[in-house]
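To be precise, the following lines are run_17.pdb, and they hold PDB, C-alpha atoms, pLDDT in the B column.
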MODEL        1
ATOM      1  CA  MET A   1     -18.983 -14.910 -22.339  1.00 60.00           C
ATOM      2  CA  VAL A   2     -17.488 -18.395 -21.791  1.00 68.00           C
ATOM      3  CA  LEU A   3     -14.730 -16.921 -19.608  1.00 69.00           C
ATOM      4  CA  GLN A   4     -17.305 -15.137 -17.449  1.00 74.00           C
ATOM      5  CA  VAL A   5     -19.264 -18.391 -16.922  1.00 68.00           C
ATOM      6  CA  LEU A   6     -16.040 -20.206 -16.003  1.00 65.00           C
ATOM      7  CA  SER A   7     -15.046 -17.387 -13.657  1.00 69.00           C
ATOM      8  CA  ASP A   8     -18.492 -17.446 -12.000  1.00 74.00           C
ATOM      9  CA  ARG A   9     -18.214 -21.209 -11.427  1.00 74.00           C
ATOM     10  CA  LEU A  10     -14.663 -21.042 -10.046  1.00 69.00           C
ATOM     11  CA  SER A  11     -15.270 -18.015  -7.838  1.00 75.00           C
ATOM     12  CA  PRO A  12     -16.728 -19.941  -4.861  1.00 76.00           C
ATOM     13  CA  LEU A  13     -13.815 -22.399  -4.988  1.00 68.00           C
ATOM     14  CA  SER A  14     -11.310 -19.555  -5.185  1.00 69.00           C
ATOM     15  CA  ASP A  15     -12.973 -17.779  -2.252  1.00 72.00           C
ATOM     16  CA  ALA A  16     -12.897 -20.974  -0.164  1.00 68.00           C
ATOM     17  CA  VAL A  17      -9.210 -21.613  -0.873  1.00 65.00           C
ATOM     18  CA  ARG A  18      -8.327 -17.981  -0.165  1.00 65.00           C
ATOM     19  CA  SER A  19     -10.243 -17.880   3.121  1.00 71.00           C
ATOM     20  CA  ARG A  20      -8.569 -21.108   4.359  1.00 72.00           C
ATOM     21  CA  LEU A  21      -4.998 -20.666   3.073  1.00 68.00           C
ATOM     22  CA  LEU A  22      -4.451 -16.926   3.367  1.00 65.00           C
ATOM     23  CA  PRO A  23      -4.576 -16.823   7.181  1.00 69.00           C
ATOM     24  CA  LEU A  24      -2.035 -19.656   7.337  1.00 66.00           C
ATOM     25  CA  LEU A  25       0.323 -18.052   4.830  1.00 65.00           C
ATOM     26  CA  ALA A  26       0.037 -14.388   5.770  1.00 66.00           C
ATOM     27  CA  ALA A  27      -0.361 -14.482   9.544  1.00 70.00           C
ATOM     28  CA  PRO A  28       2.755 -13.283  11.375  1.00 73.00           C
ATOM     29  CA  PRO A  29       4.591 -15.981  13.331  1.00 71.00           C
ATOM     30  CA  ARG A  30       4.231 -16.149  17.090  1.00 73.00           C
ATOM     31  CA  THR A  31       7.086 -14.478  18.945  1.00 74.00           C
ATOM     32  CA  VAL A  32       8.212 -17.841  20.389  1.00 78.00           C
ATOM     33  CA  SER A  33       8.382 -19.435  16.925  1.00 76.00           C
ATOM     34  CA  ASP A  34      11.758 -20.560  15.571  1.00 77.00           C
ATOM     35  CA  ARG A  35      10.927 -18.596  12.418  1.00 70.00           C
ATOM     36  CA  VAL A  36      11.290 -15.360  14.380  1.00 73.00           C
ATOM     37  CA  GLY A  37      14.897 -16.314  15.181  1.00 71.00           C
ATOM     38  CA  ALA A  38      15.661 -16.241  11.454  1.00 69.00           C
ATOM     39  CA  LEU A  39      14.966 -12.509  11.500  1.00 71.00           C
ATOM     40  CA  LYS A  40      18.236 -11.949  13.388  1.00 72.00           C
ATOM     41  CA  ARG A  41      19.937 -11.922   9.996  1.00 75.00           C
ATOM     42  CA  PRO A  42      19.753  -8.512   8.280  1.00 75.00           C
ATOM     43  CA  ASN A  43      19.215 -10.127   4.860  1.00 81.00           C
ATOM     44  CA  ARG A  44      15.750 -11.299   6.037  1.00 84.00           C
ATOM     45  CA  SER A  45      14.266  -7.822   6.373  1.00 89.00           C
ATOM     46  CA  LEU A  46      13.994  -4.457   4.694  1.00 93.00           C
ATOM     47  CA  VAL A  47      13.382  -1.525   7.026  1.00 94.00           C
ATOM     48  CA  LEU A  48      13.099   1.820   5.233  1.00 96.00           C
ATOM     49  CA  ARG A  49      12.070   4.759   7.406  1.00 96.00           C
ATOM     50  CA  ASP A  50      12.263   8.542   7.157  1.00 97.00           C
ATOM     51  CA  LEU A  51      11.540   8.387   3.435  1.00 97.00           C
ATOM     52  CA  THR A  52      10.320  11.330   1.381  1.00 96.00           C
ATOM     53  CA  GLU A  53       8.169  10.849  -1.703  1.00 96.00           C
ATOM     54  CA  LYS A  54       7.665  13.522  -4.325  1.00 95.00           C
ATOM     55  CA  VAL A  55       4.850  13.478  -6.873  1.00 94.00           C
ATOM     56  CA  VAL A  56       6.077  13.198 -10.467  1.00 96.00           C
ATOM     57  CA  SER A  57       2.691  12.677 -12.102  1.00 95.00           C
ATOM     58  CA  TYR A  58      -0.889  12.995 -10.839  1.00 91.00           C
ATOM     59  CA  THR A  59      -4.128  12.550 -12.776  1.00 92.00           C
ATOM     60  CA  SER A  60      -7.607  12.649 -11.270  1.00 90.00           C
ATOM     61  CA  ASN A  61     -11.199  13.053 -12.326  1.00 93.00           C
ATOM     62  CA  ASN A  62     -11.554  15.436  -9.332  1.00 88.00           C
ATOM     63  CA  PRO A  63      -9.974  18.827 -10.130  1.00 81.00           C
ATOM     64  CA  ASP A  64      -9.120  19.498  -6.428  1.00 77.00           C
ATOM     65  CA  PRO A  65      -5.638  17.998  -5.762  1.00 68.00           C
ATOM     66  CA  THR A  66      -5.731  18.873  -2.035  1.00 70.00           C
ATOM     67  CA  GLY A  67      -8.217  16.141  -1.179  1.00 68.00           C
ATOM     68  CA  THR A  68     -10.545  18.541   0.632  1.00 74.00           C
ATOM     69  CA  SER A  69     -13.549  18.032  -1.671  1.00 82.00           C
ATOM     70  CA  PRO A  70     -13.815  14.290  -2.359  1.00 86.00           C
ATOM     71  CA  THR A  71     -16.718  12.572  -4.110  1.00 85.00           C
ATOM     72  CA  GLU A  72     -17.719   8.918  -4.297  1.00 89.00           C
ATOM     73  CA  LYS A  73     -16.709   8.861  -7.978  1.00 91.00           C
ATOM     74  CA  ASP A  74     -13.094   9.955  -7.454  1.00 93.00           C
ATOM     75  CA  PHE A  75     -10.357   8.005  -9.194  1.00 94.00           C
ATOM     76  CA  ALA A  76      -6.728   9.109  -9.384  1.00 93.00           C
ATOM     77  CA  THR A  77      -3.397   7.752 -10.580  1.00 95.00           C
ATOM     78  CA  VAL A  78      -0.086   8.911  -9.178  1.00 95.00           C
ATOM     79  CA  GLU A  79       3.641   8.367  -9.708  1.00 97.00           C
ATOM     80  CA  LEU A  80       6.199   9.383  -7.102  1.00 97.00           C
ATOM     81  CA  GLU A  81       9.953   9.225  -6.641  1.00 98.00           C
ATOM     82  CA  ILE A  82      11.174   7.906  -3.281  1.00 98.00           C
ATOM     83  CA  PHE A  83      14.155   9.414  -1.442  1.00 98.00           C
ATOM     84  CA  ASP A  84      15.984   8.207   1.674  1.00 97.00           C
ATOM     85  CA  ALA A  85      16.790  10.373   4.715  1.00 96.00           C
ATOM     86  CA  GLU A  86      19.960  11.682   3.020  1.00 97.00           C
ATOM     87  CA  GLY A  87      18.037  12.763  -0.089  1.00 96.00           C
ATOM     88  CA  SER A  88      19.239  10.000  -2.435  1.00 98.00           C
ATOM     89  CA  ARG A  89      16.654   8.576  -4.788  1.00 98.00           C
ATOM     90  CA  ILE A  90      15.990   4.913  -3.925  1.00 98.00           C
ATOM     91  CA  GLY A  91      13.014   4.100  -6.143  1.00 98.00           C
ATOM     92  CA  ARG A  92       9.651   4.950  -7.654  1.00 98.00           C
ATOM     93  CA  THR A  93       6.054   4.075  -7.006  1.00 97.00           C
ATOM     94  CA  LYS A  94       3.025   3.982  -9.297  1.00 98.00           C
ATOM     95  CA  GLY A  95      -0.437   3.684  -7.871  1.00 96.00           C
ATOM     96  CA  ALA A  96      -4.106   4.468  -8.090  1.00 96.00           C
ATOM     97  CA  GLY A  97      -6.765   5.419  -5.603  1.00 94.00           C
ATOM     98  CA  ARG A  98     -10.483   4.895  -5.887  1.00 95.00           C
ATOM     99  CA  MET A  99     -13.188   6.130  -3.544  1.00 94.00           C
ATOM    100  CA  LEU A 100     -15.398   3.267  -2.467  1.00 95.00           C
ATOM    101  CA  TYR A 101     -18.012   4.688  -0.105  1.00 95.00           C
ATOM    102  CA  ARG A 102     -18.829   7.253   2.538  1.00 94.00           C
ATOM    103  CA  ASN A 103     -18.711   5.875   6.066  1.00 91.00           C
ATOM    104  CA  PRO A 104     -22.145   6.448   7.628  1.00 91.00           C
ATOM    105  CA  GLY A 105     -20.699   6.831  11.148  1.00 89.00           C
ATOM    106  CA  ASP A 106     -18.383   9.802  10.588  1.00 93.00           C
ATOM    107  CA  GLU A 107     -19.128  10.713   6.946  1.00 91.00           C
ATOM    108  CA  HIS A 108     -15.479  10.113   5.958  1.00 93.00           C
ATOM    109  CA  PHE A 109     -14.781   8.786   2.489  1.00 93.00           C
ATOM    110  CA  ILE A 110     -13.100   5.383   2.423  1.00 95.00           C
ATOM    111  CA  ALA A 111     -10.859   4.683  -0.562  1.00 95.00           C
ATOM    112  CA  TYR A 112      -8.773   1.797  -1.817  1.00 97.00           C
ATOM    113  CA  PHE A 113      -5.216   2.706  -2.762  1.00 96.00           C
ATOM    114  CA  GLY A 114      -2.963   0.194  -4.483  1.00 97.00           C
ATOM    115  CA  GLU A 115       0.541   0.625  -5.791  1.00 98.00           C
ATOM    116  CA  GLU A 116       3.658  -1.033  -7.107  1.00 98.00           C
ATOM    117  CA  ILE A 117       6.916   0.207  -5.604  1.00 98.00           C
ATOM    118  CA  THR A 118      10.097  -0.420  -7.593  1.00 98.00           C
ATOM    119  CA  LEU A 119      13.245   0.126  -5.576  1.00 98.00           C
ATOM    120  CA  ASP A 120      16.562   0.785  -7.308  1.00 98.00           C
ATOM    121  CA  ASP A 121      18.081  -2.242  -5.469  1.00 96.00           C
ATOM    122  CA  GLY A 122      15.809  -4.644  -7.404  1.00 96.00           C
ATOM    123  CA  HIS A 123      12.930  -5.093  -4.968  1.00 97.00           C
ATOM    124  CA  VAL A 124       9.411  -4.788  -6.377  1.00 98.00           C
ATOM    125  CA  ILE A 125       6.752  -4.347  -3.712  1.00 97.00           C
ATOM    126  CA  ARG A 126       3.006  -4.446  -4.132  1.00 97.00           C
ATOM    127  CA  ALA A 127       1.021  -2.625  -1.457  1.00 97.00           C
ATOM    128  CA  GLY A 128      -2.586  -1.682  -1.026  1.00 96.00           C
ATOM    129  CA  GLY A 129      -5.478  -1.283   1.311  1.00 96.00           C
ATOM    130  CA  LEU A 130      -8.237   0.895   2.630  1.00 96.00           C
ATOM    131  CA  VAL A 131      -7.532   4.526   3.426  1.00 95.00           C
ATOM    132  CA  ASP A 132      -9.674   6.947   5.431  1.00 95.00           C
ATOM    133  CA  ASP A 133      -9.383   9.910   3.089  1.00 90.00           C
ATOM    134  CA  ALA A 134     -10.317  12.533   5.702  1.00 90.00           C
ATOM    135  CA  ARG A 135      -7.680  11.302   8.153  1.00 92.00           C
ATOM    136  CA  LEU A 136      -5.017  11.174   5.420  1.00 91.00           C
ATOM    137  CA  THR A 137      -5.910  14.679   4.259  1.00 86.00           C
ATOM    138  CA  ALA A 138      -5.652  15.857   7.893  1.00 87.00           C
ATOM    139  CA  GLY A 139      -2.067  14.566   7.979  1.00 88.00           C
ATOM    140  CA  GLU A 140      -2.475  11.163   9.634  1.00 92.00           C
ATOM    141  CA  PHE A 141      -0.565   8.139   8.334  1.00 95.00           C
ATOM    142  CA  ALA A 142      -2.298   5.667   6.049  1.00 95.00           C
ATOM    143  CA  SER A 143      -0.970   2.122   6.593  1.00 96.00           C
ATOM    144  CA  PHE A 144      -1.634  -1.068   4.693  1.00 94.00           C
ATOM    145  CA  PRO A 145      -0.099  -4.456   3.856  1.00 94.00           C
ATOM    146  CA  ALA A 146       2.856  -4.789   1.504  1.00 96.00           C
ATOM    147  CA  VAL A 147       4.468  -7.834  -0.142  1.00 95.00           C
ATOM    148  CA  VAL A 148       7.736  -8.152  -2.074  1.00 96.00           C
ATOM    149  CA  VAL A 149       6.701  -9.710  -5.416  1.00 96.00           C
ATOM    150  CA  ALA A 150      10.166  -9.681  -7.047  1.00 96.00           C
ATOM    151  CA  GLY A 151      13.755  -9.171  -5.977  1.00 95.00           C
ATOM    152  CA  PRO A 152      16.106 -10.458  -3.290  1.00 93.00           C
ATOM    153  CA  LEU A 153      13.415 -10.647  -0.564  1.00 94.00           C
ATOM    154  CA  ARG A 154      10.622 -12.052  -2.747  1.00 94.00           C
ATOM    155  CA  GLY A 155       7.830 -13.261  -0.486  1.00 91.00           C
ATOM    156  CA  ALA A 156       8.619 -10.830   2.335  1.00 92.00           C
ATOM    157  CA  ILE A 157       5.545  -9.311   3.975  1.00 92.00           C
ATOM    158  CA  GLY A 158       4.995  -6.240   6.071  1.00 93.00           C
ATOM    159  CA  TYR A 159       3.483  -2.832   5.786  1.00 95.00           C
ATOM    160  CA  ARG A 160       3.739   0.476   4.040  1.00 96.00           C
ATOM    161  CA  GLN A 161       2.676   3.831   5.421  1.00 96.00           C
ATOM    162  CA  PHE A 162       2.593   7.401   4.183  1.00 95.00           C
ATOM    163  CA  ARG A 163       1.153  10.817   4.928  1.00 93.00           C
ATOM    164  CA  PRO A 164       1.268  14.223   3.264  1.00 91.00           C
ATOM    165  CA  LEU A 165       3.997  16.475   4.658  1.00 85.00           C
ATOM    166  CA  VAL A 166       1.965  19.598   3.973  1.00 72.00           C
ATOM    167  CA  LYS A 167      -1.789  19.227   4.485  1.00 63.00           C
ATOM    168  CA  GLU A 168      -2.720  21.870   1.909  1.00 60.00           C
ATOM    169  CA  SER A 169      -0.621  20.321  -0.847  1.00 67.00           C
ATOM    170  CA  HIS A 170      -0.425  16.618  -1.556  1.00 75.00           C
ATOM    171  CA  THR A 171       2.853  16.831  -3.488  1.00 87.00           C
ATOM    172  CA  THR A 172       5.332  15.530  -0.882  1.00 92.00           C
ATOM    173  CA  TYR A 173       4.862  12.637   1.522  1.00 94.00           C
ATOM    174  CA  GLU A 174       6.646  11.157   4.509  1.00 95.00           C
ATOM    175  CA  SER A 175       6.701   7.366   4.341  1.00 97.00           C
ATOM    176  CA  ALA A 176       8.070   4.066   5.586  1.00 98.00           C
ATOM    177  CA  ILE A 177       8.294   0.517   4.257  1.00 98.00           C
ATOM    178  CA  VAL A 178       8.943  -2.368   6.673  1.00 96.00           C
ATOM    179  CA  LEU A 179       9.117  -5.938   5.336  1.00 94.00           C
ATOM    180  CA  TYR A 180      10.471  -9.297   6.467  1.00 91.00           C
ATOM    181  CA  ARG A 181      10.598 -12.846   5.151  1.00 86.00           C
ATOM    182  CA  LYS A 182       9.569 -15.484   7.675  1.00 75.00           C
TER     183      LYS A 182
ENDMDL
END
Take the structure from the file and write it as structure tokens.
Amino acid sequence: MVLQVLSDRLSPLSDAVRSRLLPLLAAPPRTVSDRVGALKRPNRSLVLRDLTEKVVSYTSNNPDPTGTSPTEKDFATVELEIFDAEGSRIGRTKGAGRMLYRNPGDEHFIAYFGEEITLDDGHVIRAGGLVDDARLTAGEFASFPAVVVAGPLRGAIGYRQFRPLVKESHTTYESAIVLYRK
């Protein structure tokens, strides 16, 4: 009870700090900025493309794993192994998706998906954002922000994207992870 009261009192302060500082910290630098020149060094970025992800574990309160019959109450957890273009395992990801609402304009379900990606090279990446479930199920890429929270490029920011390789079966995904440290 006391913690809830404290949280309620600090929430407006936290929101104010977040809304003022986050744009300064997370906004990409302008192309003419000297910080962009630092990206010439390969140790300032992590560009992983042509990845394949395979589901290891999937649990959902919706019995349809294809994503074709979503409901507003859907919640699912998933674990996947990540492979590079040559087929070598490079890491794992654990995440969860939660339907938030149905978009009144097109009737698509909008979900939040968040995950923690642990690469075998020591990078730990947290990614998450809103996903249009109908577009993802149709085979389009879902893209959202990603941040390295531990490892050699801690503090690097960028994006993560994925899509199912086979629309009828959400067991294998094509993906990419692109991150850089300013």
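Selection result for the displayed file, with the PyMOL selection byres ((chain A and resi 159-174) around 7) as criterion, is Asp50, Leu51, Thr52, Glu53, Lys54, Val55, Pro65, Thr66, Ala127, Leu136, Thr137, Ala138, Gly139, Glu140, Phe141, Ala142, Ser143, Phe144, Pro145, Ala146, Gly158, Ser175, Ala176, Ile177, Val178 and Leu179 of chain A.
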For the file shown, what are the residues hit by the PyMOL selection byres ((chain A and resi 45) around 8), laid out as a VMD selection string? chain A and resid 39 41 to 44 46 to 47 153 156 178 to 181
Could those selected residues go to a file with C-alpha atoms, as a CSV table (one decimal), in the frame of the given file?
chain,number,residue,atom,x,y,z
A,39,LEU,CA,15.0,-12.5,11.5
A,41,ARG,CA,19.9,-11.9,10.0
A,42,PRO,CA,19.8,-8.5,8.3
A,43,ASN,CA,19.2,-10.1,4.9
A,44,ARG,CA,15.8,-11.3,6.0
A,46,LEU,CA,14.0,-4.5,4.7
A,47,VAL,CA,13.4,-1.5,7.0
A,153,LEU,CA,13.4,-10.6,-0.6
A,156,ALA,CA,8.6,-10.8,2.3
A,178,VAL,CA,8.9,-2.4,6.7
A,179,LEU,CA,9.1,-5.9,5.3
A,180,TYR,CA,10.5,-9.3,6.5
A,181,ARG,CA,10.6,-12.8,5.2
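Of the listed residues A:Glu81, A:Ala76, A:Gly91, A:Ser11, the one whose atoms come nearest to Phe113 in chain A is A:Ala76, with distances taken using only C-alpha atoms.
Considering only C-alpha atoms, the residue among A:Arg154, A:Ser60, A:Ala134, A:Arg49 positioned nearest to Phe83 in chain A is A:Arg49.
Shortest atom-to-atom contact with Gly114 in chain A among A:Ala85, A:Ile90, A:Val78, A:Val148: A:Val78, counting all atoms listed in the file.
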Please report the interatomic distance between CA of Asp133 in chain A and CA of Thr59 in chain A in Å with one decimal. 16.9 Å
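Going from CA of Arg92 in chain A over to CA of Glu72 in chain A, you cover 27.9 Å.
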So for range 84-95 of chain A, what box centre and size do we get, axis-aligned, 5 Å extra on each of the six sides, every listed atom, Å to one decimal, as lines of an AutoDock Vina configuration file?
center_x = 9.8
center_y = 8.2
center_z = -2.3
size_x = 30.4
size_y = 19.1
size_z = 24.0
Residues selected by the PyMOL selection byres ((chain A and resi 98) around 6), written as a PyMOL selection string: chain A and resi 74-75+97+99+111-112
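For the atom pair formed by CA of Ser57 in chain A and CA of Gly95 in chain A, the distance is 10.4 Å, given to one decimal.
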